[in-house]
>>> print(open('structure.cif').read())   # mmCIF, C-alpha atoms
data_entry
#
loop_
_atom_site.label_atom_id
_atom_site.label_comp_id
_atom_site.auth_asym_id
_atom_site.auth_seq_id
_atom_site.Cartn_x
_atom_site.Cartn_y
_atom_site.Cartn_z
CA GLY A 136 12.25 -10.90 8.32
CA ASP A 137 8.58 -10.84 7.51
CA SER A 138 7.54 -11.41 3.91
CA VAL A 139 4.39 -11.74 1.80
CA THR A 140 4.30 -13.74 -1.43
CA GLN A 141 1.55 -13.35 -4.00
CA MET A 142 0.93 -15.19 -7.21
CA GLU A 143 2.31 -13.36 -10.19
CA GLY A 144 -0.06 -11.86 -12.68
CA PRO A 145 -1.67 -10.77 -14.71
CA VAL A 146 -4.68 -12.92 -14.00
CA THR A 147 -7.05 -12.73 -16.95
CA LEU A 148 -10.66 -13.90 -16.53
CA SER A 149 -13.98 -13.62 -18.28
CA GLU A 150 -16.84 -11.90 -16.54
CA GLU A 151 -18.66 -14.13 -13.99
CA ALA A 152 -15.64 -16.44 -13.59
CA PHE A 153 -14.37 -17.55 -10.17
CA LEU A 154 -11.33 -15.73 -8.84
CA THR A 155 -8.57 -16.92 -6.55
CA ILE A 156 -5.42 -14.90 -5.85
CA ASN A 157 -2.99 -16.75 -3.62
CA CYS A 158 -1.14 -15.08 -0.76
CA THR A 159 1.20 -16.65 1.78
CA TYR A 160 3.13 -14.95 4.54
CA THR A 161 6.04 -15.50 6.87
CA ALA A 162 6.02 -13.70 10.18
CA THR A 163 6.86 -14.14 13.80
CA GLY A 164 3.85 -14.24 16.07
CA TYR A 165 0.35 -13.67 14.77
CA PRO A 166 0.16 -10.88 12.21
CA SER A 167 -2.94 -9.07 11.01
CA LEU A 168 -3.59 -9.71 7.32
CA PHE A 169 -5.01 -7.38 4.71
CA TRP A 170 -6.02 -7.19 1.08
CA TYR A 171 -5.79 -3.81 -0.62
CA VAL A 172 -7.09 -2.94 -4.09
CA GLN A 173 -5.67 -0.34 -6.48
CA TYR A 174 -7.91 0.77 -9.33
CA PRO A 175 -6.24 2.34 -12.39
CA GLY A 176 -4.80 5.75 -11.65
CA GLU A 177 -5.67 5.64 -7.95
CA GLY A 178 -4.06 4.92 -4.61
CA LEU A 179 -4.54 1.69 -2.67
CA GLN A 180 -7.63 1.22 -0.56
CA LEU A 181 -8.44 -1.42 2.01
CA LEU A 182 -10.59 -4.24 0.63
CA LEU A 183 -10.78 -6.56 3.65
CA LYS A 184 -8.81 -7.69 6.67
CA ALA A 185 -8.53 -10.41 9.31
CA THR A 186 -6.80 -10.05 12.64
CA LYS A 187 -6.65 -13.61 14.01
CA ALA A 188 -6.56 -17.21 12.88
CA ASP A 189 -9.74 -18.56 11.22
CA ASP A 190 -11.17 -15.06 10.83
CA LYS A 191 -12.84 -14.42 7.48
CA GLY A 192 -12.70 -10.94 5.99
CA SER A 193 -15.27 -10.02 3.38
CA ASN A 194 -16.26 -6.99 1.32
CA LYS A 195 -17.84 -6.33 -2.10
CA GLY A 196 -18.25 -10.07 -2.71
CA PHE A 197 -14.57 -10.79 -1.98
CA GLU A 198 -13.55 -13.11 0.85
CA ALA A 199 -10.33 -14.28 2.46
CA THR A 200 -9.78 -16.61 5.41
CA TYR A 201 -6.79 -16.35 7.77
CA ARG A 202 -5.27 -19.85 7.71
CA LYS A 203 -2.58 -20.11 10.37
CA GLU A 204 -1.76 -23.76 9.61
CA THR A 205 -0.89 -22.96 5.99
CA THR A 206 0.17 -19.32 6.63
CA SER A 207 -2.16 -18.22 3.84
CA PHE A 208 -4.76 -15.55 3.14
CA HIS A 209 -6.06 -16.29 -0.35
CA LEU A 210 -8.49 -13.85 -1.94
CA GLU A 211 -11.61 -15.28 -3.59
CA LYS A 212 -14.67 -14.03 -5.42
CA GLY A 213 -17.37 -16.21 -6.86
CA SER A 214 -18.26 -14.10 -9.91
CA VAL A 215 -15.98 -11.31 -11.08
CA GLN A 216 -17.10 -8.22 -12.97
CA VAL A 217 -15.27 -5.98 -15.42
CA SER A 218 -15.23 -3.33 -12.69
CA ASP A 219 -13.06 -5.64 -10.53
CA SER A 220 -10.14 -5.11 -12.91
CA ALA A 221 -7.42 -3.70 -10.66
CA VAL A 222 -4.19 -4.59 -8.87
CA TYR A 223 -4.61 -6.49 -5.60
CA PHE A 224 -2.03 -6.34 -2.80
CA CYS A 225 -1.78 -8.72 0.12
CA ALA A 226 -0.19 -7.29 3.27
CA SER A 227 0.72 -8.38 6.76
CA TYR A 228 1.24 -6.37 9.91
CA ALA A 229 3.20 -8.12 12.62
CA SER A 230 2.11 -8.00 16.22
CA GLY A 231 4.43 -6.74 18.92
CA GLY A 232 4.68 -3.05 18.17
CA SER A 233 5.87 -3.07 14.56
CA TYR A 234 4.89 0.07 12.69
CA ILE A 235 5.61 -1.04 9.16
CA PRO A 236 3.32 -3.26 7.07
CA THR A 237 4.79 -5.81 4.69
CA PHE A 238 3.26 -5.74 1.21
CA GLY A 239 3.28 -8.35 -1.50
CA ARG A 240 4.24 -7.25 -5.01
CA GLY A 241 0.65 -7.05 -6.20
CA THR A 242 -1.37 -9.14 -8.66
CA SER A 243 -3.01 -7.53 -11.66
CA LEU A 244 -6.52 -8.77 -12.47
CA ILE A 245 -8.01 -8.17 -15.92
CA VAL A 246 -11.65 -9.11 -16.43
CA HIS A 247 -13.01 -9.26 -19.98
CA PRO A 248 -16.71 -8.86 -20.84
CA ASN B 153 -12.75 14.21 6.14
CA ALA B 154 -10.54 14.67 3.10
CA GLY B 155 -8.43 11.66 4.15
CA VAL B 156 -4.91 11.69 2.71
CA THR B 157 -4.21 14.36 0.11
CA GLN B 158 -1.17 14.67 -2.13
CA THR B 159 0.02 17.49 -4.36
CA PRO B 160 0.88 17.78 -7.15
CA LYS B 161 -0.77 14.96 -9.07
CA PHE B 162 1.70 15.16 -11.93
CA GLN B 163 5.18 16.68 -12.16
CA VAL B 164 7.93 16.78 -14.74
CA LEU B 165 11.43 17.73 -13.60
CA LYS B 166 14.80 18.07 -15.25
CA THR B 167 17.78 16.19 -13.84
CA GLY B 168 19.28 18.12 -10.94
CA GLN B 169 16.17 20.09 -10.05
CA SER B 170 14.71 19.92 -6.57
CA MET B 171 11.10 19.72 -5.48
CA THR B 172 8.84 18.82 -2.58
CA LEU B 173 5.95 16.40 -2.76
CA GLN B 174 3.27 17.40 -0.31
CA CYS B 175 1.22 15.00 1.83
CA ALA B 176 -1.40 15.86 4.41
CA GLN B 177 -3.94 13.89 6.44
CA ASP B 178 -6.83 15.06 8.59
CA MET B 179 -7.47 11.86 10.57
CA ASN B 180 -5.00 12.55 13.40
CA HIS B 181 -2.93 9.53 12.40
CA GLU B 182 0.38 9.08 14.17
CA TYR B 183 2.01 6.98 11.46
CA MET B 184 2.78 8.39 8.01
CA SER B 185 4.93 6.98 5.25
CA TRP B 186 6.09 7.43 1.67
CA TYR B 187 6.26 4.68 -0.95
CA ARG B 188 7.33 4.58 -4.54
CA GLN B 189 5.67 2.23 -7.01
CA ASP B 190 7.52 1.02 -10.06
CA PRO B 191 6.42 -1.64 -12.60
CA GLY B 192 7.22 -5.13 -11.35
CA MET B 193 8.63 -3.82 -8.05
CA GLY B 194 5.51 -3.43 -5.97
CA LEU B 195 5.60 -0.79 -3.24
CA ARG B 196 8.93 0.21 -1.75
CA LEU B 197 9.09 2.17 1.50
CA ILE B 198 11.13 5.37 1.31
CA HIS B 199 10.71 7.03 4.73
CA TYR B 200 8.26 6.85 7.58
CA SER B 201 7.30 8.71 10.74
CA VAL B 202 5.58 7.67 13.96
CA GLY B 203 4.84 11.20 15.11
CA ALA B 204 5.82 14.85 14.88
CA GLY B 205 9.57 15.25 15.09
CA ILE B 206 10.27 11.53 14.50
CA THR B 207 11.31 10.13 11.12
CA ASP B 208 13.21 7.06 9.97
CA GLN B 209 14.48 5.49 6.78
CA GLY B 210 12.76 2.76 4.88
CA GLU B 211 14.01 0.42 2.17
CA VAL B 212 15.03 3.02 -0.45
CA PRO B 213 15.81 6.35 1.28
CA ASN B 214 18.73 7.57 -0.86
CA GLY B 215 18.02 10.82 -2.68
CA TYR B 216 15.03 11.70 -0.50
CA ASN B 217 14.58 13.74 2.68
CA VAL B 218 11.58 14.07 4.98
CA SER B 219 10.54 16.05 8.02
CA ARG B 220 7.47 15.93 10.26
CA SER B 221 6.86 19.21 12.05
CA THR B 222 3.12 18.59 12.56
CA THR B 223 0.89 15.53 12.90
CA GLU B 224 -0.91 16.44 9.67
CA ASP B 225 1.91 17.02 7.19
CA PHE B 226 4.71 14.81 5.91
CA PRO B 227 6.49 16.34 2.88
CA LEU B 228 9.00 14.40 0.76
CA ARG B 229 11.92 16.35 -0.69
CA LEU B 230 13.98 15.44 -3.73
CA LEU B 231 17.18 17.45 -3.42
CA SER B 232 18.64 16.75 -6.87
CA ALA B 233 16.30 14.77 -9.09
CA ALA B 234 17.64 11.86 -11.15
CA PRO B 235 15.93 9.85 -13.92
CA SER B 236 15.95 6.82 -11.59
CA GLN B 237 13.47 8.71 -9.41
CA THR B 238 10.83 8.62 -12.14
CA SER B 239 8.01 6.80 -10.40
CA VAL B 240 4.59 7.07 -8.81
CA TYR B 241 4.79 8.21 -5.19
CA PHE B 242 2.19 7.37 -2.57
CA CYS B 243 1.78 8.77 0.89
CA ALA B 244 -0.01 6.64 3.49
CA SER B 245 -1.11 7.08 7.09
CA SER B 246 -2.50 4.95 9.89
CA LEU B 247 -3.28 4.86 13.58
CA LEU B 248 -0.88 3.08 15.92
CA ALA B 249 -3.60 2.00 18.38
CA GLY B 250 -7.30 1.34 18.48
CA SER B 251 -9.64 -0.99 16.60
CA SER B 252 -8.54 0.11 13.13
CA TYR B 253 -4.89 0.49 13.93
CA ASN B 254 -2.40 -0.32 11.18
CA GLU B 255 -5.06 -0.05 8.44
CA GLN B 256 -3.24 2.06 5.87
CA PHE B 257 -4.97 5.00 4.18
CA PHE B 258 -3.33 5.98 0.90
CA GLY B 259 -3.31 9.22 -1.02
CA PRO B 260 -4.07 9.35 -4.77
CA GLY B 261 -0.41 9.48 -5.76
CA THR B 262 2.01 11.85 -7.48
CA ARG B 263 3.28 10.80 -10.89
CA LEU B 264 6.82 12.15 -11.29
CA THR B 265 8.90 12.11 -14.44
CA VAL B 266 12.56 13.17 -14.37
CA LEU B 267 14.07 13.96 -17.77
#
>>> encode(input="structure.cif", output="structure tokens")
Amino acid sequence: GDSVTQMEGPVTLSEEAFLTINCTYTATGYPSLFWYVQYPGEGLQLLLKATKADDKGSNKGFEATYRKETTSFHLEKGSVQVSDSAVYFCASYASGGSYIPTFGRGTSLIVHP
Amino acid sequence: NAGVTQTPKFQVLKTGQSMTLQCAQDMNHEYMSWYRQDPGMGLRLIHYSVGAGITDQGEVPNGYNVSRSTTEDFPLRLLSAAPSQTSVYFCASSLLAGSSYNEQFFGPGTRLTVL
């Protein structure tokens, strides 16, 4: 079945550091790929998405590129802020009529001043 | 739009008690689902629905019931609460077609403790 694998956390960075959170997927066909963010005490919210190979999703300074050849969708940000501290979830949604998204286990990011 | 709303936000139950977690959405989404989130386990799908009158089991359905009588509401029932059901519960919804289909909208969560 489909699966999403994320790097384990927590990831601890100083403010203004570069961030990469790795995400790889296995799926039949060509899934849509998503990053969701969960701030403390809240539900998940969509951060960015990409629906086909080589697409780049971007939002709030975060970027991720859909790499079909490496089945990856790594999340990056050039300069993190304390306010970026949250849990980040990678997710895939298979094509072909599937209703159910596949989520990774989440990666906690802690940014220190 | 209120989006996805959940009530209550916090609940403490005793073992064996029953309760219903409420979920409602005002976006006319066909798909609705319930997840539980536990430390180190990520999100686990409990039940889901693709429209009024249609429900199905997810990864961890035991101990939970659902029904979907309207497009807007998708309540989750715990018939006899157990300490293993202590968790944070999230309701989510999405479209099944259109440009933003399968983008999940999550509620704020219900934090449940079973003593």
>>> closest_atom_pairs(input="structure.cif", of="chain A", to="chain B", cutoff="8 Å", atoms="only C-alpha atoms", output="tab-separated table")
residue	atom	partner	partner_atom	distance
A:Gly176	CA	B:Pro260	CA	7.8
A:Glu177	CA	B:Pro260	CA	5.1
A:Gly178	CA	B:Pro260	CA	4.4
A:Leu179	CA	B:Phe258	CA	5.7
A:Gln180	CA	B:Phe258	CA	6.6
A:Leu181	CA	B:Gln256	CA	7.4
A:Tyr228	CA	B:Asn254	CA	7.2
A:Tyr234	CA	B:Leu248	CA	7.3
A:Pro236	CA	B:Asn254	CA	7.6
A:Phe238	CA	B:Leu195	CA	7.1
A:Gly239	CA	B:Gly194	CA	7.0
A:Arg240	CA	B:Gly194	CA	4.1
A:Gly241	CA	B:Gly194	CA	6.1
>>> resolve_selection(input="structure.cif", expression="the PyMOL selection byres ((chain A and resi 151) around 6)", output="PDB file with C-alpha atoms, keeping the file's coordinate frame")
ATOM      1  CA  GLU A 150     -16.840 -11.900 -16.540  1.00  0.00           C
ATOM      2  CA  ALA A 152     -15.640 -16.440 -13.590  1.00  0.00           C
ATOM      3  CA  SER A 214     -18.260 -14.100  -9.910  1.00  0.00           C
ATOM      4  CA  VAL A 215     -15.980 -11.310 -11.080  1.00  0.00           C
TER       5      VAL A 215
END
>>> resolve_selection(input="structure.cif", expression="the PyMOL selection byres ((chain B and resi 170-175) around 10)", output="ChimeraX atom specification")
/B:156-161,163,165-169,176-177,184-186,216-218,224-234,241-245,259,261-262,264
>>> atom_distance(input="structure.cif", atom1="atom CA of A:Gly164", atom2="atom CA of B:Glu211")
22.6 Å
>>> resolve_selection(input="structure.cif", expression="the PyMOL selection byres ((chain A and resi 168) around 8)", output="list in words")
Pro166, Ser167, Phe169, Trp170, Lys184, Ala185, Thr186, Tyr201, Phe208, Cys225, Ala226, Ser227 and Tyr228 of chain A
>>> write_last_selection(input="structure.cif", atoms="C-alpha atoms", output="PDB file, in the frame of the given file")
ATOM      1  CA  PRO A 166       0.160 -10.880  12.210  1.00  0.00           C
ATOM      2  CA  SER A 167      -2.940  -9.070  11.010  1.00  0.00           C
ATOM      3  CA  PHE A 169      -5.010  -7.380   4.710  1.00  0.00           C
ATOM      4  CA  TRP A 170      -6.020  -7.190   1.080  1.00  0.00           C
ATOM      5  CA  LYS A 184      -8.810  -7.690   6.670  1.00  0.00           C
ATOM      6  CA  ALA A 185      -8.530 -10.410   9.310  1.00  0.00           C
ATOM      7  CA  THR A 186      -6.800 -10.050  12.640  1.00  0.00           C
ATOM      8  CA  TYR A 201      -6.790 -16.350   7.770  1.00  0.00           C
ATOM      9  CA  PHE A 208      -4.760 -15.550   3.140  1.00  0.00           C
ATOM     10  CA  CYS A 225      -1.780  -8.720   0.120  1.00  0.00           C
ATOM     11  CA  ALA A 226      -0.190  -7.290   3.270  1.00  0.00           C
ATOM     12  CA  SER A 227       0.720  -8.380   6.760  1.00  0.00           C
ATOM     13  CA  TYR A 228       1.240  -6.370   9.910  1.00  0.00           C
TER      14      TYR A 228
END
>>> residues_around(input="structure.cif", residues="A:Asp137", least_positions_apart="6", cutoff="8 Å", atoms="all atoms listed in the file", output="PyMOL selection string")
chain A and resi 160-163+229+237
>>> atom_distance(input="structure.cif", atom1="atom CA of A:Leu154", atom2="atom CA of A:Leu210")
7.7 Å
>>> closest_residue(input="structure.cif", among="A:Phe153, A:Val146, A:Phe224, A:Ile235", to="A:Gly196", atoms="only C-alpha atoms")
A:Phe153
>>> atom_distance(input="structure.cif", atom1="atom CA of B:Asn180", atom2="atom CA of A:Leu182")
21.8 Å
>>> residues_around(input="structure.cif", residues="B:Gly203", least_positions_apart="3", cutoff="9 Å", atoms="all atoms listed in the file", output="CSV table (one decimal) with C-alpha atoms, in the frame of the given file")
chain,number,residue,atom,x,y,z
B,181,HIS,CA,-2.9,9.5,12.4
B,182,GLU,CA,0.4,9.1,14.2
B,183,TYR,CA,2.0,7.0,11.5
B,184,MET,CA,2.8,8.4,8.0
B,206,ILE,CA,10.3,11.5,14.5
B,207,THR,CA,11.3,10.1,11.1
B,220,ARG,CA,7.5,15.9,10.3
B,221,SER,CA,6.9,19.2,12.0
B,222,THR,CA,3.1,18.6,12.6
B,223,THR,CA,0.9,15.5,12.9
>>> residues_around(input="structure.cif", residues="A:Thr206", least_positions_apart="2", cutoff="6 Å", atoms="all atoms listed in the file", output="MDAnalysis selection string")
chainID A and resid 159:160 202:204
>>> decode(input="structure.cif", residues="stretch 161-184 of chain A", atoms="N, CA and C atoms", output="PDB file, in the first residue's frame")
ATOM      1  N   THR A 161       5.801   6.229  -1.248  1.00  0.00           N
ATOM      2  CA  THR A 161       5.578   5.113  -2.165  1.00  0.00           C
ATOM      3  C   THR A 161       4.116   5.131  -2.532  1.00  0.00           C
ATOM      4  N   ALA A 162       3.839   5.031  -3.815  1.00  0.00           N
ATOM      5  CA  ALA A 162       2.455   5.079  -4.280  1.00  0.00           C
ATOM      6  C   ALA A 162       2.393   4.548  -5.696  1.00  0.00           C
ATOM      7  N   THR A 163       1.251   4.011  -6.039  1.00  0.00           N
ATOM      8  CA  THR A 163       1.025   3.660  -7.434  1.00  0.00           C
ATOM      9  C   THR A 163       0.541   4.909  -8.161  1.00  0.00           C
ATOM     10  N   GLY A 164       0.915   5.051  -9.394  1.00  0.00           N
ATOM     11  CA  GLY A 164       0.473   6.208 -10.157  1.00  0.00           C
ATOM     12  C   GLY A 164       1.194   7.472  -9.740  1.00  0.00           C
ATOM     13  N   TYR A 165       0.480   8.577  -9.825  1.00  0.00           N
ATOM     14  CA  TYR A 165       1.083   9.888  -9.589  1.00  0.00           C
ATOM     15  C   TYR A 165       0.271  10.626  -8.530  1.00  0.00           C
ATOM     16  N   PRO A 166       0.670  10.478  -7.268  1.00  0.00           N
ATOM     17  CA  PRO A 166      -0.126  11.091  -6.202  1.00  0.00           C
ATOM     18  C   PRO A 166       0.047  12.601  -6.148  1.00  0.00           C
ATOM     19  N   SER A 167      -0.891  13.279  -5.519  1.00  0.00           N
ATOM     20  CA  SER A 167      -0.699  14.659  -5.095  1.00  0.00           C
ATOM     21  C   SER A 167       0.027  14.631  -3.759  1.00  0.00           C
ATOM     22  N   LEU A 168       0.863  15.633  -3.515  1.00  0.00           N
ATOM     23  CA  LEU A 168       1.681  15.665  -2.302  1.00  0.00           C
ATOM     24  C   LEU A 168       1.422  16.957  -1.536  1.00  0.00           C
ATOM     25  N   PHE A 169       1.435  16.830  -0.216  1.00  0.00           N
ATOM     26  CA  PHE A 169       1.071  17.939   0.650  1.00  0.00           C
ATOM     27  C   PHE A 169       2.034  18.035   1.837  1.00  0.00           C
ATOM     28  N   TRP A 170       2.181  19.259   2.340  1.00  0.00           N
ATOM     29  CA  TRP A 170       2.748  19.474   3.660  1.00  0.00           C
ATOM     30  C   TRP A 170       1.701  20.207   4.497  1.00  0.00           C
ATOM     31  N   TYR A 171       1.446  19.640   5.687  1.00  0.00           N
ATOM     32  CA  TYR A 171       0.566  20.279   6.651  1.00  0.00           C
ATOM     33  C   TYR A 171       1.406  20.699   7.856  1.00  0.00           C
ATOM     34  N   VAL A 172       0.941  21.754   8.547  1.00  0.00           N
ATOM     35  CA  VAL A 172       1.617  22.225   9.751  1.00  0.00           C
ATOM     36  C   VAL A 172       0.618  22.236  10.906  1.00  0.00           C
ATOM     37  N   GLN A 173       1.103  21.796  12.068  1.00  0.00           N
ATOM     38  CA  GLN A 173       0.268  21.801  13.282  1.00  0.00           C
ATOM     39  C   GLN A 173       0.969  22.624  14.349  1.00  0.00           C
ATOM     40  N   TYR A 174       0.421  23.795  14.647  1.00  0.00           N
ATOM     41  CA  TYR A 174       0.951  24.627  15.722  1.00  0.00           C
ATOM     42  C   TYR A 174       0.448  24.094  17.062  1.00  0.00           C
ATOM     43  N   PRO A 175       1.160  24.370  18.143  1.00  0.00           N
ATOM     44  CA  PRO A 175       0.784  23.816  19.452  1.00  0.00           C
ATOM     45  C   PRO A 175      -0.672  24.072  19.801  1.00  0.00           C
ATOM     46  N   GLY A 176      -1.361  22.998  20.171  1.00  0.00           N
ATOM     47  CA  GLY A 176      -2.744  23.116  20.620  1.00  0.00           C
ATOM     48  C   GLY A 176      -3.766  23.310  19.515  1.00  0.00           C
ATOM     49  N   GLU A 177      -3.345  23.172  18.260  1.00  0.00           N
ATOM     50  CA  GLU A 177      -4.258  23.405  17.144  1.00  0.00           C
ATOM     51  C   GLU A 177      -4.373  22.168  16.258  1.00  0.00           C
ATOM     52  N   GLY A 178      -5.317  22.237  15.310  1.00  0.00           N
ATOM     53  CA  GLY A 178      -5.421  21.210  14.292  1.00  0.00           C
ATOM     54  C   GLY A 178      -4.426  21.464  13.166  1.00  0.00           C
ATOM     55  N   LEU A 179      -4.351  20.499  12.241  1.00  0.00           N
ATOM     56  CA  LEU A 179      -3.446  20.647  11.099  1.00  0.00           C
ATOM     57  C   LEU A 179      -4.037  21.646  10.114  1.00  0.00           C
ATOM     58  N   GLN A 180      -3.156  22.328   9.412  1.00  0.00           N
ATOM     59  CA  GLN A 180      -3.584  23.211   8.332  1.00  0.00           C
ATOM     60  C   GLN A 180      -2.625  23.039   7.160  1.00  0.00           C
ATOM     61  N   LEU A 181      -3.181  23.192   5.964  1.00  0.00           N
ATOM     62  CA  LEU A 181      -2.375  23.016   4.766  1.00  0.00           C
ATOM     63  C   LEU A 181      -1.304  24.089   4.682  1.00  0.00           C
ATOM     64  N   LEU A 182      -0.060  23.681   4.437  1.00  0.00           N
ATOM     65  CA  LEU A 182       1.037  24.623   4.250  1.00  0.00           C
ATOM     66  C   LEU A 182       1.310  24.838   2.755  1.00  0.00           C
ATOM     67  N   LEU A 183       1.453  23.739   2.020  1.00  0.00           N
ATOM     68  CA  LEU A 183       1.669  23.830   0.576  1.00  0.00           C
ATOM     69  C   LEU A 183       1.364  22.484  -0.056  1.00  0.00           C
ATOM     70  N   LYS A 184       1.245  22.490  -1.385  1.00  0.00           N
ATOM     71  CA  LYS A 184       0.959  21.253  -2.081  1.00  0.00           C
ATOM     72  C   LYS A 184       1.534  21.288  -3.494  1.00  0.00           C
TER      73      LYS A 184
END
